[in-house]
Amino acid sequence: MITKNTTLEKIMELKNGEEILHKNYVPCVSCPMAAMEMSTLKIGDVCKMYKLDLEKILTDLNKTKNGTK
């Protein structure tokens, strides 16, 4: 299960993880500086920093992880 404490590195390993982050306007995916921190950046912290809808992103990611999307 993907939670607010899941790192971007783990999310990027999901089949559609990068696509879902892009769709939800997560800027860290294309940020050169974030590339060095993917193993420590947590999706909850990123959403808080950029005022993104954490619940929607988690729902989208968990649907993909469970094979329903």
# chains A, B, ... in the order shown; residues from 1 in each chain; ligands from 1
call {"tool": "closest_atom_pairs", "arguments": {"of": "stretch 10-38 of chain A", "to": "stretch 59-65 of chain A", "cutoff": "8 Å", "atoms": "only C-alpha atoms", "output": "JSON lines"}}
result
{"residue": "A:Ile11", "atom": "CA", "partner": "A:Leu61", "partner_atom": "CA", "distance": 7.9}
{"residue": "A:Leu14", "atom": "CA", "partner": "A:Lys65", "partner_atom": "CA", "distance": 6.8}
{"residue": "A:Lys15", "atom": "CA", "partner": "A:Thr64", "partner_atom": "CA", "distance": 7.6}
{"residue": "A:Asn16", "atom": "CA", "partner": "A:Thr64", "partner_atom": "CA", "distance": 6.8}
{"residue": "A:Gly17", "atom": "CA", "partner": "A:Leu61", "partner_atom": "CA", "distance": 6.7}
{"residue": "A:Ile20", "atom": "CA", "partner": "A:Leu61", "partner_atom": "CA", "distance": 6.9}
call {"tool": "closest_residue", "arguments": {"among": "A:Glu13, A:Lys51, A:Leu8, A:Ile57", "to": "A:Ser30", "atoms": "only C-alpha atoms"}}
result
A:Leu8
call {"tool": "residues_around", "arguments": {"residues": "A:Thr40", "least_positions_apart": "6", "cutoff": "12 Å", "atoms": "only C-alpha atoms", "output": "number ranges by chain"}}
result
A: 5-11, 34, 46
call {"tool": "atom_distance", "arguments": {"atom1": "atom CA of A:Asp53", "atom2": "atom CA of A:Met12"}}
result
18.2 Å
call {"tool": "residues_around", "arguments": {"residues": "A:Met49", "least_positions_apart": "5", "cutoff": "12 Å", "atoms": "only C-alpha atoms", "output": "PyMOL selection string"}}
result
chain A and resi 26-28+41-44+54
call {"tool": "write_last_selection", "arguments": {"atoms": "N, CA and C atoms", "output": "PDB file, in the first residue's frame"}}
result
ATOM      1  N   VAL A  26       2.924  16.718  -9.823  1.00  0.00           N
ATOM      2  CA  VAL A  26       4.027  16.602  -8.867  1.00  0.00           C
ATOM      3  C   VAL A  26       5.297  17.047  -9.588  1.00  0.00           C
ATOM      4  N   PRO A  27       5.862  18.202  -9.205  1.00  0.00           N
ATOM      5  CA  PRO A  27       6.999  18.768  -9.939  1.00  0.00           C
ATOM      6  C   PRO A  27       8.310  18.005  -9.750  1.00  0.00           C
ATOM      7  N   CYS A  28       8.428  17.237  -8.697  1.00  0.00           N
ATOM      8  CA  CYS A  28       9.697  16.578  -8.375  1.00  0.00           C
ATOM      9  C   CYS A  28      10.123  15.546  -9.416  1.00  0.00           C
ATOM     10  N   LEU A  41      12.708  11.489  -0.440  1.00  0.00           N
ATOM     11  CA  LEU A  41      11.511  12.331  -0.572  1.00  0.00           C
ATOM     12  C   LEU A  41      10.258  11.483  -0.419  1.00  0.00           C
ATOM     13  N   LYS A  42       9.400  11.864   0.530  1.00  0.00           N
ATOM     14  CA  LYS A  42       8.144  11.142   0.764  1.00  0.00           C
ATOM     15  C   LYS A  42       7.016  11.901   0.082  1.00  0.00           C
ATOM     16  N   ILE A  43       6.081  11.145  -0.492  1.00  0.00           N
ATOM     17  CA  ILE A  43       4.978  11.765  -1.237  1.00  0.00           C
ATOM     18  C   ILE A  43       4.169  12.710  -0.352  1.00  0.00           C
ATOM     19  N   GLY A  44       3.997  12.391   0.907  1.00  0.00           N
ATOM     20  CA  GLY A  44       3.259  13.279   1.819  1.00  0.00           C
ATOM     21  C   GLY A  44       3.945  14.617   1.987  1.00  0.00           C
ATOM     22  N   LEU A  54      -3.072  15.178  -1.590  1.00  0.00           N
ATOM     23  CA  LEU A  54      -2.449  13.914  -1.200  1.00  0.00           C
ATOM     24  C   LEU A  54      -3.415  12.746  -1.312  1.00  0.00           C
TER      25      LEU A  54
END
